[in-house]
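Reproduced below: run_30.txt, with compact mmCIF, C-alpha atoms.
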# COMPACT_ATOMS: atom_id res chain seq x y z
CA MET A 1 -139.23 -95.88 158.70
CA ILE A 2 -139.10 -99.63 159.54
CA TYR A 3 -140.55 -101.88 156.83
CA THR A 4 -142.11 -104.83 158.68
CA ALA A 5 -143.17 -108.25 157.35
CA ALA A 6 -146.83 -107.36 157.93
CA MET A 7 -146.49 -104.28 155.71
CA LYS A 8 -144.86 -106.38 153.04
CA ASP A 9 -147.79 -108.81 153.13
CA ASN A 10 -150.23 -105.88 152.81
CA ASP A 11 -148.40 -104.53 149.75
CA SER A 12 -148.42 -107.88 148.01
CA LEU A 13 -152.11 -108.27 148.85
CA ARG A 14 -152.87 -104.83 147.33
CA SER A 15 -150.97 -105.58 144.12
CA LEU A 16 -152.79 -108.90 143.80
CA LEU A 17 -156.17 -107.18 144.20
CA LYS A 18 -155.23 -104.59 141.52
CA LYS A 19 -154.29 -107.33 139.07
CA GLN A 20 -157.57 -109.15 139.70
CA LYS A 21 -159.56 -105.91 139.14
CA LYS A 22 -157.80 -105.25 135.83
CA SER A 23 -158.42 -108.79 134.58
CA LEU A 24 -162.07 -108.56 135.72
CA LYS A 25 -162.51 -105.24 133.82
CA LYS A 26 -161.01 -106.77 130.68
CA THR A 27 -163.28 -109.82 130.79
CA VAL A 28 -166.40 -107.70 131.47
CA SER A 29 -165.64 -105.28 128.64
CA GLU A 30 -164.86 -108.12 126.23
CA ASN A 31 -168.08 -109.89 127.17
CA ASP A 32 -170.04 -106.65 126.67
CA LYS A 33 -168.53 -106.20 123.23
CA LEU A 34 -169.48 -109.72 122.22
CA LEU A 35 -173.05 -109.31 123.48
CA PHE A 36 -173.42 -105.97 121.67
CA SER A 37 -172.09 -107.28 118.33
CA ASP A 38 -174.38 -110.34 118.56
CA ALA A 39 -177.41 -108.12 119.18
CA ILE A 40 -176.63 -105.61 116.41
CA GLY A 41 -175.23 -107.89 113.74
CA LYS A 42 -173.07 -106.62 110.90
CA VAL A 43 -172.36 -102.89 111.06
CA LYS A 44 -171.50 -100.67 108.10
CA PRO A 45 -169.33 -97.70 109.08
CA MET A 46 -170.93 -94.29 108.45
CA VAL A 47 -169.49 -91.95 105.88
CA VAL A 48 -169.10 -88.42 107.21
CA ASP A 49 -170.69 -86.20 104.54
CA THR A 50 -171.21 -83.01 106.51
CA ILE A 51 -171.63 -79.97 104.26
CA HIS A 52 -169.97 -76.92 105.68
CA PRO A 53 -171.58 -73.54 104.91
CA VAL A 54 -169.67 -71.34 102.50
CA LYS A 55 -168.57 -68.11 104.07
CA LYS A 56 -169.51 -65.03 102.08
CA SER A 57 -166.62 -62.72 101.44
CA SER A 58 -168.74 -59.58 101.17
CA LYS A 59 -169.73 -57.84 104.37
CA PRO A 60 -173.44 -57.91 105.20
CA LYS A 61 -175.24 -54.62 104.84
CA THR A 62 -175.76 -52.76 108.06
CA HIS A 63 -179.04 -51.17 109.06
CA PHE A 64 -177.47 -47.77 108.38
CA ASP A 65 -176.54 -48.80 104.80
CA ASP A 66 -180.10 -50.02 104.13
CA LYS A 67 -181.55 -46.82 105.48
CA LYS A 68 -179.17 -44.76 103.35
CA SER A 69 -179.98 -46.65 100.13
CA HIS A 70 -183.73 -46.37 100.75
CA GLN A 71 -183.34 -42.67 101.40
CA ALA A 72 -181.40 -42.23 98.14
CA LYS A 73 -184.11 -44.07 96.20
CA ALA A 74 -186.86 -42.07 97.89
CA GLU A 75 -185.34 -38.72 96.94
CA PHE A 76 -186.34 -37.16 93.64
CA HIS A 77 -185.15 -33.80 92.40
CA PHE A 78 -188.14 -31.53 91.87
CA SER A 79 -187.21 -28.28 90.19
CA ASP A 80 -188.76 -25.09 91.54
CA GLU A 81 -188.01 -23.27 88.26
CA PHE A 82 -190.05 -25.65 86.08
CA GLU A 83 -193.33 -24.06 84.97
CA PRO A 84 -195.75 -26.62 83.49
CA ASN A 85 -198.61 -25.56 81.23
CA LEU A 86 -201.48 -26.31 83.60
CA ASN A 87 -205.05 -25.17 83.16
CA LYS A 88 -205.50 -22.23 85.53
CA LYS A 89 -209.25 -22.00 85.00
CA GLY A 90 -211.39 -24.28 87.10
CA PRO A 91 -210.09 -27.03 89.39
CA MET A 92 -206.44 -28.05 89.22
CA GLN A 93 -205.97 -31.05 86.90
CA TYR A 94 -203.34 -32.79 84.80
CA VAL A 95 -203.10 -35.87 82.61
CA ARG A 96 -199.91 -37.25 81.10
CA GLU A 97 -199.79 -37.34 77.28
CA ASP A 98 -199.87 -41.13 77.02
CA VAL A 99 -202.76 -41.53 79.52
CA ASP A 100 -206.47 -41.52 78.65
CA SER A 101 -208.06 -38.20 79.66
CA PHE A 102 -210.98 -40.18 81.09
CA GLU A 103 -208.78 -40.98 84.10
CA VAL A 104 -209.00 -37.34 85.21
CA LYS A 105 -212.79 -37.62 85.21
CA ASN A 106 -212.52 -40.79 87.27
CA LEU A 107 -210.41 -38.91 89.83
CA ARG A 108 -212.88 -36.03 89.91
CA ARG A 109 -215.88 -38.32 90.34
CA GLY A 110 -214.21 -40.16 93.22
CA TYR A 111 -213.92 -43.44 91.31
CA TYR A 112 -210.50 -43.92 92.93
CA ALA A 113 -210.13 -43.93 96.69
CA PRO A 114 -206.65 -43.01 97.97
CA ASP A 115 -204.46 -45.87 99.17
CA LEU A 116 -202.04 -43.44 100.85
CA ILE A 117 -202.67 -39.94 102.20
CA LEU A 118 -199.96 -37.33 102.82
CA ASP A 119 -200.72 -34.25 104.92
CA LEU A 120 -198.28 -31.39 104.28
CA HIS A 121 -199.71 -28.98 106.85
CA GLY A 122 -196.96 -27.19 108.77
CA LEU A 123 -194.13 -28.24 106.41
CA ALA A 124 -191.73 -25.90 104.62
CA GLN A 125 -191.24 -26.24 100.83
CA HIS A 126 -188.04 -28.31 101.05
CA GLN A 127 -189.64 -30.64 103.60
CA ALA A 128 -192.78 -30.99 101.48
CA LYS A 129 -190.71 -31.92 98.43
CA LYS A 130 -188.90 -34.67 100.35
CA GLU A 131 -192.16 -36.02 101.72
CA ILE A 132 -193.75 -36.15 98.26
CA ALA A 133 -190.68 -37.92 96.82
CA ALA A 134 -190.81 -40.47 99.66
CA LEU A 135 -194.54 -40.95 99.12
CA LEU A 136 -194.09 -41.63 95.39
CA PHE A 137 -191.32 -44.13 96.21
CA ALA A 138 -193.61 -45.80 98.76
CA CYS A 139 -196.36 -46.16 96.13
CA GLN A 140 -194.31 -48.78 94.27
CA LYS A 141 -193.41 -50.59 97.47
CA GLU A 142 -196.94 -50.51 98.94
CA HIS A 143 -198.62 -50.94 95.56
CA ALA A 144 -200.65 -47.76 96.00
CA GLN A 145 -202.31 -46.70 92.74
CA CYS A 146 -204.08 -43.62 94.05
CA ILE A 147 -202.75 -41.09 96.55
CA CYS A 148 -204.11 -38.00 98.21
CA ILE A 149 -201.81 -35.06 98.97
CA VAL A 150 -203.34 -32.56 101.40
CA HIS A 151 -201.50 -29.29 100.79
CA GLY A 152 -204.04 -26.99 102.42
CA ILE A 153 -204.78 -23.48 101.21
CA GLY A 154 -203.04 -21.03 103.56
CA SER A 155 -200.91 -18.60 101.56
CA ASN A 156 -201.23 -20.77 98.41
CA ILE A 157 -197.49 -21.57 98.31
CA LEU A 158 -197.80 -25.36 98.58
CA LYS A 159 -201.10 -25.30 96.70
CA ASN A 160 -199.25 -23.84 93.69
CA LYS A 161 -196.02 -25.83 94.10
CA VAL A 162 -197.38 -29.35 94.61
CA PRO A 163 -198.93 -29.64 91.10
CA HIS A 164 -195.69 -28.28 89.57
CA TRP A 165 -193.67 -30.96 91.39
CA LEU A 166 -196.05 -33.82 90.57
CA VAL A 167 -195.96 -33.07 86.83
CA GLN A 168 -192.18 -33.66 86.88
CA HIS A 169 -192.35 -37.19 88.30
CA PRO A 170 -192.50 -39.98 85.68
CA ASP A 171 -194.81 -42.20 87.79
CA VAL A 172 -197.61 -39.61 88.03
CA MET A 173 -200.20 -40.38 85.35
CA ALA A 174 -202.83 -37.81 86.29
CA PHE A 175 -204.10 -35.70 89.16
CA HIS A 176 -207.19 -33.67 89.97
CA GLN A 177 -208.42 -31.48 92.77
CA ALA A 178 -209.74 -33.89 95.37
CA PRO A 179 -213.46 -34.42 95.94
CA LEU A 180 -214.80 -32.77 99.12
CA GLU A 181 -214.57 -36.01 101.11
CA TRP A 182 -210.78 -36.05 100.55
CA GLY A 183 -210.03 -32.36 101.10
CA GLY A 184 -211.60 -30.50 98.16
CA ASN A 185 -209.70 -27.36 97.17
CA GLY A 186 -206.97 -28.09 99.75
CA ALA A 187 -205.91 -31.46 98.32
CA LEU A 188 -205.06 -33.36 95.14
CA LEU A 189 -205.87 -36.91 94.15
CA ALA A 190 -203.14 -38.42 91.96
CA LEU A 191 -203.07 -41.59 89.90
CA ILE A 192 -199.75 -43.46 89.99
CA GLU A 193 -198.34 -45.80 87.36
CA LEU A 194 -197.24 -49.01 89.03
CA LYS A 195 -194.17 -50.56 87.50
CA ASP A 196 -194.95 -54.24 88.02
CA LYS A 197 -197.52 -56.23 86.03
CA PHE A 198 -200.10 -56.50 88.80
CA ASN A 199 -202.68 -53.73 88.54
CA LYS A 200 -205.21 -52.91 91.24
CA ALA A 201 -207.78 -51.35 88.91

The structure given in the file should be rewritten as structure tokens.
Amino acid sequence: MIYTAAMKDNDSLRSLLKKQKKSLKKTVSENDKLLFSDAIGKVKPMVVDTIHPVKKSSKPKTHFDDKKSHQAKAEFHFSDEFEPNLNKKGPMQYVREDVDSFEVKNLRRGYYAPDLILDLHGLAQHQAKKEIAALLFACQKEHAQCICIVHGIGSNILKNKVPHWLVQHPDVMAFHQAPLEWGGNGALLALIELKDKFNKA
């Protein structure tokens, strides 16, 4: 390649233009800085005080763990061998020793309306027991003071077993055969002791 005088002049012209651009950029940026500092005035540098979240070392509970713990709490061991001394004459009724017997009359008269109703129709004994345990657990969570358990009549198996199971649970204060509007001879109304201070009655 032949390097001519004209090419040499072009190169020197280019380098001169580059130098002028650089000096122009410097003067513009310096002028901008001066204008900005005049407009703002004195500036105090910011202190970075970002708070970083603390990572928890324990693993968060999974949905499965929650479900398992709720299931464990909702299960109560009802014995089938336990035979309570219940009055077999007249309608089925029970009142815990430390509870006023007037509460049974209130249940009979329909003073309490059920907050939760459990229908056991079509369930086997072991299923019925689990459902009753879950219902009694739900009473504390839902703040249900009165419940209705519809056991039906059928072959009298659940009708006989349900009162025997309820007597064993510490939260059951009293129960009575339900008034006709809630199932009559095929259901029980039960009064539940709520563990917190708030009382619906």

Query raised in the report: Using only C-alpha atoms, which of the listed residues (A:Met46, A:Val104, A:Ile40, A:Ala133) sits closest to His77 in chain A?
Result: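 Closest to His77 in chain A, using only C-alpha atoms: A:Ala133.
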
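Of the listed residues (A:Val47, A:Val99, A:Leu158, A:Val172), A:Val172 comes nearest to Cys139 in chain A; the distances count only C-alpha atoms.
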
Report task. For CA of Ser101 in chain A and CA of Asn87 in chain A, determine how far apart the two atoms are, in Å to one decimal place. Result -> 13.8 Å

Report task. Name the residues in contact with range 114-127 of chain A at a cut-off of 8 Å, using all atoms listed in the file, excluding same-chain residues fewer than 2 positions from it; report them as a PyMOL selection string. Result -> chain A and resi 112+129-132+135+139+144-152+158+189

Query raised in the report: Interatomic distance between CA of Leu136 in chain A and CA of Leu86 in chain A?
Result: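 These atoms are spaced 20.7 Å apart.
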
Query - Shortest interatomic distance to Phe78 in chain A - which of A:His176, A:Lys18, A:Lys195, A:Lys161, counting all atoms listed in the file - result: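 The closest residue to Phe78 in chain A is A:Lys161.
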
Query - Protein, DNA and RNA residues within 12 Å of (-205.2, -27.1, 83.1), all atoms listed in the file, as a count of residues only - result: 22

Requested in this report: Point out the residue among A:Met173, A:Gln140, A:Phe102, A:Gly186 with the least atom-to-atom distance to Ser155 in chain A, counting only C-alpha atoms.
Outcome: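 Of all the options, A:Gly186 lies closest to Ser155 in chain A.
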
Requested in this report: Between CA of Trp165 in chain A and CA of Glu193 in chain A, measure the distance and give it in Å to one decimal.
Outcome: 16.1 Å

Query - Closest of A:His143, A:Pro179, A:Ile153, A:Asn185 to Lys105 in chain A - atom-to-atom distances counting only C-alpha atoms - result: A:Pro179
